[in-house]
Amino acid sequence: MPDLPKAYQPQLVEDKIYQKWLKSGYFNPDNLPANSASPRTEPFTIVLPPPNVTGTLHIGHATMLAIQDAMIRFARLMGKKALWLPGTDHAAIATQSKVEKIIKEETKSGEKPKTRHDLGREAFLARVHQYAQESHDTIINQCKKIGSSLDWSREAYTLDATRTIAVNTAFKRFYEDGLIYRGDRIVNWDPIGQTTISDDEIIYKETTTKLYTFKYGPEFPIAISTTRPETKVGDTAVAVHPDDQRYQKLIGQKFSLTFAGAPLTITIIGEDSVDPNYGTGALGVTPAHSSIDFEIASRHQLPIIRVIGEDAKMLPTNGGLVSGLPVLEARAKIVDWLRTSGLLEDEQEIAHNLPTAERTGATVESLPKLQWFIAVNKSFLKNGRTVTLKSLMQEAVRSKSIQIIPDRFVATYFTWIDNLRDWCISRQIWFGHRVPVWYRAQEIVVGIAPTGDGWVQDEDTLDTWFSSGLWTFSTLGWPDLNSPDLKTYHPTSVLETGYDILFFWVARMILMSTYLFDQIPFKTVYLHGLVKDDQGRKMSKSLGNIIDPLDMIAQYGADATRLSLVIGGTPGNDTRLSAEKIAGYRNFTNKLWNIARFVLTTVDGSMVGEAVGDSMVSKIKSINSVTPITLADQWILSRFATVVEKVTVHNHVLELSAAGELLRDFTWGEFADWYLEIAKIEKDKDEILLFILERLLILWHPLMPFVTETLYESWGRGLIMVANWPVADKPRYQNLDAEGSFAELQELVVGIRNLRSESKIPPKEVIDLTLVGANIISDTDLNLIAQLTKTTILQSASNNSPTTPVSQVSSTSSDGSTSSDGSTSSATAVIGERTISIVLPEQADPTIQRARLRAEITTAERYHSTLTSKLTNADFTSRAPVAVVVIEQEKLAAIEAKLITLRRELKNVGEY
RNA sequence: GGGCGAUUAGCUCAGUUGGUUAGAGCGUCACAUUGACAUUGUGAAGGUCAGAAGUUCGAAUCUUCUAUCGCCCACCA
């Protein structure tokens with residue numbers, strides 16, 4: 001007999017269980033034993049979205065791990081070759097900024113703030129690598145604490161040697177196909193991070209700013225509006241709509257003037273894209289500091305004058321009055337100048353979205369820079385077809401090769417792709433994959449470092465998403481197309497991640513995989529929501545509302561934490577989390593523990609064989625099938641078969657929350673609250689109890705691996721992790737009649753308990769009960785009802801059947817009922833087709849019963865009248881399906897019978 | 001400006017193709033408690049399903065509009 005403590009103590013078992021799993025080697029699919037139901041040949045793969053090595057895992061990561069682990073464990077139990085491949089992401093810019101911040105904080109007071117340049121490239125990178133290593137170790141430990149069944153033997157890192165080969169190979173392929181090019185374009189420049197950033201790394205902040213309207217000079221014919229007057233020292237044109245009557249005749253004219261001390265030559269040009277109704281209808285063109293203006297300038301062959309530098313200060317050249325000033329100071333100075341020169345015509349406050357850098361918060365400047373780009377709109381030949389990278393990305397989803405859950409994100413995906421511009425992949429940071437290009441005079445080598453003297457490698461590094469875009473296949477052996485892992489496990493089955501990185505990552509993986517490898521990276525994309533606090537706010541340090549998964553695991557256990565993250569969450573929707581919620585699931589975990597404890601300590605000793613190994617492990621008889629004896633047996637086995645079937649389906653279609661809710665309701669509300677209580681009364685249920693419990697633990701295992709594994713030790717049959725998923729066997733166990741009869745029994749029991757409770761009868765006191773309509777209930781079940789309700793069933797009327805008309809019910813129940821003689825007060829209720837009454841103690845207050853009966857009669861009457869009006873409505877009776885009408889008629893008959901009984905009882909308690 | 005989501009009990013949420021008197025958990029109230037479990041049990045109270053109109057015999061569910069909240073994208077100088 002296993003010796004189980006009274007309460008489940010996760011802290012005592014979780015680490016031991018995880019070690020046991022590790023030791024088994026089963027996280028690696030190559031080691032998985034064949035499953036009796038399956039030869040274990042079908043692969044099921046998930047690659048872990050690699051956490052950034054920027055710190056520790058937050059509750060969002062814990063959600064991701066809980067969901068993916070549940071998917072993988074289910075696949076493993078189903079007999080699949082289940083691979084969950086772990087790894088971490090170097091997260092170039094994020095990690096570098098973090099370390100730069102640390103270095104800055106190390107600055108001694110009074111000194112100039114320390115930057116990476118003070119350390120130099122090599123020493124700085126050493127610091128970053130050290131930091132990344134520490135983060136990595138923490139992250140791996142956290143993954144293990146949560147119970148993640150990741151195959152550590154295949155662990156990858158986006159910046160390791162193997163992945164670097166993949167990155168360089170990919171870069172070379174793009175380059176040779178002409179899809180990576182180097183060019184001078186307007187880029188998003190982060191002046192604090194001192195690097196370019198992609199469009200997706202910009203966060204727009206709502207601010208108010210002033211819109212100024214002015215002329216470049218007194219002699220200039222057109223006024224323009226701008227929120228950034230300081231950039232106007234770099235203007236080379238004014239664009240107007242070609243059909244605009246006001247300015248049409250000016251198109252083509254050139255004006256040379258001095259603007260705030262800077263010499264400008266402004267050409268007036270016609271541009272269809274200019275909105276004549278906005279502002280003055282004229283646009284000052286600043287080619288070097290606006291991507292739209294840059295495009296206009298290239299169409300009209302206008303000169304491009306840089307006026308803002310990479311330090312967000314005005315360049316010393318061309319700036320006139322504002323040379324060398326930070327942009328904001330320059331702006332103020334220009335406005336002053338405009339005002340004193342009498343050129344300022346108008347200024348007004350407007351709402352404005354200020355572009356800022358995601359990582360550093362700096363205001364992003366647009367400026368021209370020589371960078372590497374991936375051309376997403378360039379046509380090329382692929383397998384004989386003309387395609388673009390954009391069209392490849394669209395096709396993979398449009399053809400339904402890739403399913404996105406929830407599917408509303410399909411539209412979001414397409415919108416993003418439609419607006420996609422060439423992807424700037426080079427960064428001026430040090431941490432990351434160095435651009436694999438080498439220069440020597442006019443020569444250029446791409447992909448593999450050339451031998452020989454005088455070669456200089458490109459200084460820039462690659463956008464981190466370039467390497468993580470390769471993740472599904474760079475982790476499986478690509479570019480070696482003969483790699484067994486690549487052949488077996490790609491395309492992966494599910495990509496599970498937060499909807500917030502659909503664009504960043506999911507779309508780029510599709511791009512990389514379809515272009516480089518001619519395969520989709522995954523068949524299903526499952527997008528989970530964000531975890532918010534109990535008030536729906538984002539968790540953040542400044543709000544102090546962060547829930548740390550490790551704290552929760554320490555306090556409530558990993559299983560409870562996992563349940564709270566999975567149950568109640570639907571894909572694509574945010575979920576709210578609170579410590580109370582986790583405590584609730586801790587209670588459930590303990591409930592499951594005690595259910596097992598009850599079953600294992602009450603079953604007959606013959607079920608349990610010799611203890612194996614240490615005292616905790618004994619061996620329990622395996623029950624392959626059972627035969628129900630009583631109604632309760634039939635009911636629970638029938639319900640369980642349904643639960644097995646539904647949970648299996650839910651897991652298959654990735655409805656983990658639904659699976660969990662169903663299991664929770666069955667485990668607590670049916671198996672524990674009813675069947676175990678009945679087992680105490682009916683006895684001799686060892687086989688059924690063990691049969692259900694063992695399978696129930698397996699069903700729960702994907703969601704709560706630790707407690708199920710701990711309990712399963714009692715069976716002495718190895719790890720539950722590689723057990724066989726149960727089979728529903730509905731032909732054998734499903735019994736809808738029994739489910740119906742048992743439901744009636746439950747209603748009676750609840751009704752009797754309700755009567756007792758309302759009549760203030762102490763729960764322990766055994767009382768007499770009159771039950772009318774009991775004849776269709778077997779003596780066994782009547783006895784069960786009596787025991788479950790602490791009653792002695794005195795009398796049951798004999799000659800009514802389930803379909804007995806209303807009139808007979810009232811006539812039969814009136815003969816000889818002890819409750820209706822008026823001498824004793826009684827409490828009566830109508831449950832379905834039956835009437836129950838209990839005799840009340842003499843001192844009982846009749847007004848309580850009267851009030852209760854009146855209230856019941858009122859609701860019954862209201863229901864009666866809605867049913868009557870429905871059934872007297874000819875439209876309803878003629879148009880609704882017959883089955884629906886019949887159901888309504890039956891309801892009416894039942895409520896009429898109930899009313900008759902209730903009214904008679906009201907009379908009996910003294911209401912005339 | 002374009003799009004998406006949410007709105008159901010005090011709180012957090014279910015409610016699958018329209019058809020029981022709309023459900024659960026937490027919280028609240030009452031009662032109970034020496035063997036599976038107080039991390040418990042039994043029972044109760046609590047909702048005009050955001051609002052309006054429409055379709056239908058019938059709407060929480062379908063359509064349209066409105067309101068409030070949240071998110072994403074674009075960004076006009």
# chains A, B, ... in the order shown; residues from 1 in each chain; ligands from 1
call {"tool": "interface_residues", "arguments": {"of": "chain A", "to": "chain B", "cutoff": "7 Å", "atoms": "only C-alpha atoms (C1' of nucleotides)", "output": "list in words"}}
result
Ser225, Thr226, Leu283, Gly568, Arg586, Asn587, Asn590, Lys591, Asn594, Ile595, Arg597, Phe598, Arg753, Asn754, Ser757, Pro763, Tyr863, Asp875, Phe876, Arg879, Ala880 and Val884 of chain A
call {"tool": "select_by_dssp", "arguments": {"residues": "segment 270-365 of chain A", "states": "strand (DSSP E)", "output": "ChimeraX atom specification"}}
result
/A:270,282-285,344-357,365
call {"tool": "select_by_dssp", "arguments": {"residues": "segment 426-540 of chain A", "states": "helix (DSSP H, G or I)", "output": "PyMOL selection string"}}
result
chain A and resi 464-468+471-474+484-489+499-517
call {"tool": "write_last_selection", "arguments": {"atoms": "N, CA and C atoms", "output": "tab-separated table (two decimals), in the first residue's frame"}}
result
chain	number	residue	atom	x	y	z
A	464	THR	N	18.61	40.26	-35.74
A	464	THR	CA	18.47	38.99	-35.04
A	464	THR	C	17.41	38.08	-35.68
A	465	TRP	N	16.42	38.70	-36.34
A	465	TRP	CA	15.35	37.88	-36.95
A	465	TRP	C	15.84	37.13	-38.18
A	466	PHE	N	16.98	37.56	-38.71
A	466	PHE	CA	17.54	36.82	-39.84
A	466	PHE	C	17.91	35.41	-39.39
A	467	SER	N	18.53	35.29	-38.23
A	467	SER	CA	18.92	33.96	-37.76
A	467	SER	C	17.74	33.20	-37.15
A	468	SER	N	16.86	33.91	-36.44
A	468	SER	CA	15.74	33.16	-35.85
A	468	SER	C	14.72	32.77	-36.91
A	471	TRP	N	15.06	29.18	-37.79
A	471	TRP	CA	15.03	28.33	-36.60
A	471	TRP	C	14.47	26.92	-36.82
A	472	THR	N	13.37	26.79	-37.57
A	472	THR	CA	12.77	25.44	-37.67
A	472	THR	C	13.69	24.45	-38.36
A	473	PHE	N	14.54	24.95	-39.27
A	473	PHE	CA	15.40	23.99	-39.97
A	473	PHE	C	16.87	24.11	-39.63
A	474	SER	N	17.31	25.28	-39.16
A	474	SER	CA	18.72	25.38	-38.76
A	474	SER	C	18.97	24.52	-37.52
A	484	PRO	N	19.39	13.41	-41.02
A	484	PRO	CA	18.23	12.57	-40.66
A	484	PRO	C	17.16	13.36	-39.91
A	485	ASP	N	17.58	14.23	-39.03
A	485	ASP	CA	16.60	15.02	-38.29
A	485	ASP	C	15.76	15.88	-39.23
A	486	LEU	N	16.45	16.48	-40.19
A	486	LEU	CA	15.74	17.35	-41.12
A	486	LEU	C	14.71	16.56	-41.91
A	487	LYS	N	15.11	15.35	-42.30
A	487	LYS	CA	14.20	14.51	-43.08
A	487	LYS	C	13.02	14.04	-42.24
A	488	THR	N	13.28	13.75	-40.97
A	488	THR	CA	12.22	13.19	-40.12
A	488	THR	C	11.30	14.26	-39.56
A	489	TYR	N	11.87	15.35	-39.09
A	489	TYR	CA	11.07	16.25	-38.25
A	489	TYR	C	10.62	17.55	-38.91
A	499	TYR	N	0.82	36.04	-30.11
A	499	TYR	CA	0.39	36.71	-31.34
A	499	TYR	C	1.19	37.98	-31.58
A	500	ASP	N	1.88	38.47	-30.54
A	500	ASP	CA	2.63	39.70	-30.72
A	500	ASP	C	3.86	39.54	-31.60
A	501	ILE	N	4.28	38.30	-31.85
A	501	ILE	CA	5.43	38.18	-32.76
A	501	ILE	C	5.07	37.48	-34.07
A	502	LEU	N	3.80	37.58	-34.42
A	502	LEU	CA	3.37	37.05	-35.73
A	502	LEU	C	4.21	37.65	-36.85
A	503	PHE	N	4.38	38.97	-36.81
A	503	PHE	CA	5.10	39.65	-37.89
A	503	PHE	C	6.60	39.46	-37.76
A	504	PHE	N	7.09	39.76	-36.57
A	504	PHE	CA	8.52	39.69	-36.35
A	504	PHE	C	9.08	38.35	-36.80
A	505	TRP	N	8.44	37.32	-36.35
A	505	TRP	CA	9.08	36.02	-36.42
A	505	TRP	C	8.36	35.03	-37.34
A	506	VAL	N	7.06	34.85	-37.10
A	506	VAL	CA	6.32	33.82	-37.83
A	506	VAL	C	6.42	34.08	-39.34
A	507	ALA	N	6.16	35.31	-39.73
A	507	ALA	CA	6.20	35.65	-41.16
A	507	ALA	C	7.61	35.44	-41.72
A	508	ARG	N	8.63	35.79	-40.95
A	508	ARG	CA	9.99	35.66	-41.45
A	508	ARG	C	10.43	34.21	-41.55
A	509	MET	N	9.91	33.36	-40.66
A	509	MET	CA	10.22	31.94	-40.78
A	509	MET	C	9.61	31.37	-42.06
A	510	ILE	N	8.41	31.85	-42.37
A	510	ILE	CA	7.76	31.37	-43.60
A	510	ILE	C	8.59	31.81	-44.82
A	511	LEU	N	9.05	33.05	-44.77
A	511	LEU	CA	9.89	33.56	-45.86
A	511	LEU	C	11.14	32.69	-46.03
A	512	MET	N	11.84	32.48	-44.94
A	512	MET	CA	13.11	31.76	-44.98
A	512	MET	C	12.93	30.32	-45.44
A	513	SER	N	11.95	29.67	-44.86
A	513	SER	CA	11.78	28.25	-45.12
A	513	SER	C	11.31	27.99	-46.56
A	514	THR	N	10.35	28.78	-47.01
A	514	THR	CA	9.84	28.53	-48.36
A	514	THR	C	10.89	28.90	-49.41
A	515	TYR	N	11.67	29.93	-49.14
A	515	TYR	CA	12.67	30.33	-50.14
A	515	TYR	C	13.90	29.41	-50.11
A	516	LEU	N	14.45	29.18	-48.94
A	516	LEU	CA	15.72	28.46	-48.86
A	516	LEU	C	15.55	26.95	-48.96
A	517	PHE	N	14.37	26.47	-48.59
A	517	PHE	CA	14.26	25.05	-48.32
A	517	PHE	C	13.04	24.43	-49.01
call {"tool": "atom_distance", "arguments": {"atom1": "atom CA of Leu748 of chain A", "atom2": "atom CA of His864 of chain A"}}
result
21.9 Å
call {"tool": "closest_residue", "arguments": {"among": "A:Gly669, A:Thr630, A:Pro571, A:Ile838", "to": "Leu784 of chain A", "atoms": "only C-alpha atoms"}}
result
A:Thr630
call {"tool": "atom_distance", "arguments": {"atom1": "atom CA of Asp458 of chain A", "atom2": "atom CA of His90 of chain A"}}
result
19.8 Å
call {"tool": "closest_residue", "arguments": {"among": "B:G27, B:G18, B:G46, B:G35", "to": "A59 of chain B", "atoms": "only C-alpha atoms (C1' of nucleotides)"}}
result
B:G18
